[in-house]
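Asks: This is the structure I have questions about; it appears just below.
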Amino acid sequence: MIATGLQLHGQFVLVAGARWAARHVVARYVSAGAMVLRAHHPYELEDHRHMLGSVRLLVAVDDGAAGWEVLQEMAMRESILLSIEPAASRDGSITLLGGGPGSSDLLTVRGAAALANADVVFHDRLGPGHDLAALAPGAQLVDVGKAPGNHKVPQDRINELLIAEARAGRTVVRLKGGDPFVFGRGSEERDAALAAGLKVHVVPGISSAISVPGAAGIPVTARGVAKAFTVVSGHDPFTETELGHLAGIGGTLVVLMGVATLQQNAAGLLRHGLAADTPAAIIERGFCDTQRSTRATLGTLAEAARAAGCSNPAVIVIGGVAALGTGADELAALLPAAVR
């Protein structure tokens, strides 16, 4: 965050603090368009005295060194705003960060701060990737994203890269779409980092399992309709045992990234007794400008998906709640008799 919310584009900012301590602060102000002057040691302040009349802001980075107290006196004497900001860490660390369903304004405050202070960000193809240059202005950005059938960087290699960067003393962020522990392999990365003796922080993210249906007006639970929901991965077809359990568990079934296996899974759920008139919906590209919803019933969902050309990333919702968020006439038509 830029101190005091100032508009600093084209303005001079003097950042005082050791190089290691001030690296994130400098990157943020440079990204904001400021012309940054640096004083790495207290005695270097004298080099900038002739510029003080043009300086809009003094930034003191708390690096633990003595001598910086003259900044407060200087700011008062020259009527310059003073901001005191924390130092970057000397030790390497890894933060597993959930980026939410894709829109950068759905990042948590803690998540945005982690990106702002990162030295290197390993990111996926999902999540707020297109805004990363602004969110992590001082970081090296490394795309390690996986696509169906194309894991260009294997998981073991990702673990190795995270560990190597943190051991080099860098602040590492592993950015994932949604939440890092919901089908995100976050636990594998955490365990590898802990086994390597590194500090690991987990910053949760908004899971697409709940937020994307919500963006389409579909709650995953609703009084009198569903009092529970089950979230499953749709990358692979369900086994017969899984189909039997899912068809009989009741409530709402939420399938992530399941368009490619929809036909097999829908047929299996029908085969195991889930009613053909169960409301269903597919929400593609949640929270993007191209978000789209396709509503049908379980019995017609696969055909509706083919006709509409549905594709991942998508969230599939099966259950009475999939009829909610529609008009009254559509609701009456879609709800099965059991919940009308």
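Residue names in the structure tokens use chain letters A, B, ... in the order shown, residue numbers from 1 in each chain, and ligand numbers from 1 in the order shown.
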With a cut-off of 12 Å, could you pull out the residues of region 154-207 of chain A touching region 285-290 of chain A and give me the nearest pair of atoms for each, distance in Å to one decimal, using only C-alpha atoms, ordered by chain and ascending number, as a Markdown table?
Replies:
```
| residue | atom | partner | partner_atom | distance |
| --- | --- | --- | --- | --- |
| A:Gly177 | CA | A:Gly286 | CA | 11.6 |
| A:Gly178 | CA | A:Gly286 | CA | 11.1 |
| A:Ile206 | CA | A:Phe287 | CA | 11.9 |
| A:Ser207 | CA | A:Gly286 | CA | 11.1 |
```
Asks: Hey, what's within 12 Å of His9 (chain A) if we count only C-alpha atoms and toss same-chain stuff fewer than 6 positions away? As a list in words, please?
Replies: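 Within the cut-off, the hits are Ile2, Arg28, Tyr29, Val30, Ser31, Ala32, Gly33, Ala34, Met35, Val36, Arg56 and Leu57 of chain A.
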Asks: Only C-alpha atoms, please: the residues just picked out, written as a CSV table (one decimal), in the first residue's frame.
Replies:
```csv
chain,number,residue,atom,x,y,z
A,2,ILE,CA,1.3,3.5,-0.9
A,28,ARG,CA,6.0,-0.1,-4.6
A,29,TYR,CA,6.8,3.6,-5.0
A,30,VAL,CA,8.6,3.1,-8.4
A,31,SER,CA,5.5,1.1,-9.5
A,32,ALA,CA,3.3,4.1,-8.4
A,33,GLY,CA,5.3,6.3,-10.8
A,34,ALA,CA,7.3,8.1,-8.1
A,35,MET,CA,10.9,9.3,-8.7
A,36,VAL,CA,12.6,7.5,-5.9
A,56,ARG,CA,6.9,15.1,-1.6
A,57,LEU,CA,7.4,12.3,0.9
```
Asks: Calculate how many Å separate CA of Thr221 (chain A) from CA of Val321 (chain A), rounding to one decimal.
Replies: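 It comes out at 6.8 Å.
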Asks: Using DSSP assignments from the backbone, pull out every residue in region 16-258 of chain A that falls under strand (DSSP E or B) and give it to me as a PyMOL selection string.
Replies: chain A and resi 16+35-39+55-62+81-86+93-98+100+120-123+140-143+147+150+171-176+178+199-203+222+226+229-233+252-256
Asks: Residues at most 8 Å from Gly169 (chain A), counting only C-alpha atoms, excluding those fewer than 3 positions away in the same chain, as an NGL selection string?
Replies: :A and (90-93 or 165-166)
Asks: Can you spit out the residues from that selection as a compact mmCIF listing (two decimals), in the first residue's frame, using N, CA, C and O atoms?
Replies:
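Final output, out_31.txt:
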```txt
# COMPACT_ATOMS: atom_id res chain seq x y z
N ARG A 90 14.91 -10.50 6.22
CA ARG A 90 16.20 -11.01 5.76
C ARG A 90 16.11 -12.49 5.42
O ARG A 90 16.91 -13.02 4.65
N ASP A 91 15.14 -13.17 6.07
CA ASP A 91 15.03 -14.61 5.90
C ASP A 91 14.03 -14.96 4.80
O ASP A 91 13.01 -14.29 4.63
N GLY A 92 14.32 -16.01 4.09
CA GLY A 92 13.39 -16.47 3.08
C GLY A 92 12.15 -17.10 3.69
O GLY A 92 12.18 -17.63 4.80
N SER A 93 11.05 -17.01 2.98
CA SER A 93 9.80 -17.61 3.44
C SER A 93 8.92 -17.92 2.24
O SER A 93 9.15 -17.41 1.14
N GLU A 165 14.22 -20.72 -4.00
CA GLU A 165 14.10 -19.26 -3.87
C GLU A 165 14.06 -18.83 -2.42
O GLU A 165 14.69 -17.83 -2.03
N ALA A 166 13.33 -19.56 -1.59
CA ALA A 166 13.25 -19.20 -0.17
C ALA A 166 14.60 -19.40 0.52
O ALA A 166 15.00 -18.59 1.36
```
Asks: Counting only C-alpha atoms, which of A:Ala65, A:Val203, A:Ala276, A:Ala139 gets nearest to Ala247 (chain A)?
Replies: A:Ala276
Asks: So which residues touch Ser233 (chain A) within 8 Å, counting only C-alpha atoms, skipping near sequence neighbours fewer than 6 positions away, as a count of residues only?
Replies: 5
Asks: With only C-alpha atoms as the atoms that count, which of A:Val109, A:Val120, A:Ile218, A:Ala304 lies nearest to Leu161 (chain A)?
Replies: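 Answer, going by the shortest atom-to-atom distance: A:Val120.
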Asks: Between A:Ala196, A:Leu106, A:Val61, A:Val220, which residue has the minimum interatomic distance to Ala22 (chain A), considering only C-alpha atoms?
Replies: A:Val61
Asks: Excluding region 94-103 of chain A and residues on its chain fewer than 5 positions from it, collect all residues at most 6 Å away from it, counting only C-alpha atoms, and give them as a list in words.
Replies: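 The contact residues come out as Gly127, Pro128, Val172, Val173, Arg174, Leu175, Lys176, Gly177, Gly178, Asp179, Pro180, Val200, His201, Val202, Val203, Pro204, Gly205, Ile206, Ser207 and Ser208 of chain A.
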Asks: Got a sec: who's within 12 Å of Met51 (chain A), counting only C-alpha atoms, leaving out chain neighbours fewer than 4 positions off, as number ranges by chain?
Replies: A: 11-14, 35-38, 45-47, 55-58, 78, 80
Asks: Include C-alpha atoms and write out the residues we just selected as a compact mmCIF listing (two decimals), in the first residue's frame.
Replies:
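And here is the file that came out, result.txt:
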```txt
# COMPACT_ATOMS: atom_id res chain seq x y z
CA GLN A 11 6.81 13.18 -7.58
CA PHE A 12 10.10 12.78 -5.72
CA VAL A 13 10.09 10.33 -2.80
CA LEU A 14 13.12 9.83 -0.57
CA MET A 35 10.90 9.27 -8.74
CA VAL A 36 12.64 7.51 -5.88
CA LEU A 37 15.76 8.86 -4.22
CA ARG A 38 17.68 6.45 -1.97
CA LEU A 45 20.97 11.95 3.75
CA GLU A 46 23.36 14.86 3.28
CA ASP A 47 23.64 13.95 -0.40
CA VAL A 55 10.60 15.90 -2.22
CA ARG A 56 6.92 15.12 -1.62
CA LEU A 57 7.40 12.31 0.87
CA LEU A 58 10.09 10.92 3.18
CA GLU A 78 11.13 21.05 5.57
CA ILE A 80 7.56 17.14 4.20
```
Asks: Could you name the residues that touch Trp20 (chain A) at 10 Å or less, counting only C-alpha atoms, but leaving out those on the same chain fewer than 5 positions away, as a ChimeraX atom specification?
Replies: /A:40,63,87-90
Asks: Between A:Arg77, A:Arg190, A:His245, A:His24, which has the minimum distance to Leu115 (chain A) (counting only C-alpha atoms)?
Replies: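 Ranking A:Arg77, A:Arg190, A:His245, A:His24 by distance to Leu115 (chain A), first place goes to A:His24.
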Asks: Using only C-alpha atoms for the distances, tell me which of A:Leu107, A:Val121, A:Met74, A:Leu132 is nearest to Ile158 (chain A).
Replies: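 Counting only C-alpha atoms, the residue closest to Ile158 (chain A) is A:Val121.
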Asks: Using only C-alpha atoms for the distances, tell me which of A:Pro86, A:Gly53, A:Asp131, A:Leu243 is nearest to Ala18 (chain A).
Replies: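 Of A:Pro86, A:Gly53, A:Asp131, A:Leu243, the one nearest Ala18 (chain A) is A:Pro86, counting only C-alpha atoms.
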Asks: What is the CA of Ala314 (chain A)-CA of Ile283 (chain A) distance in Å, reported with one decimal?
Replies: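 These atoms are spaced 5.4 Å apart.
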Asks: Just asking: which residues within region 75-195 of chain A are alpha helix (DSSP H) according to DSSP, as a ChimeraX atom specification?
Replies: /A:75-78,109-116,132-135,155-167,186-195
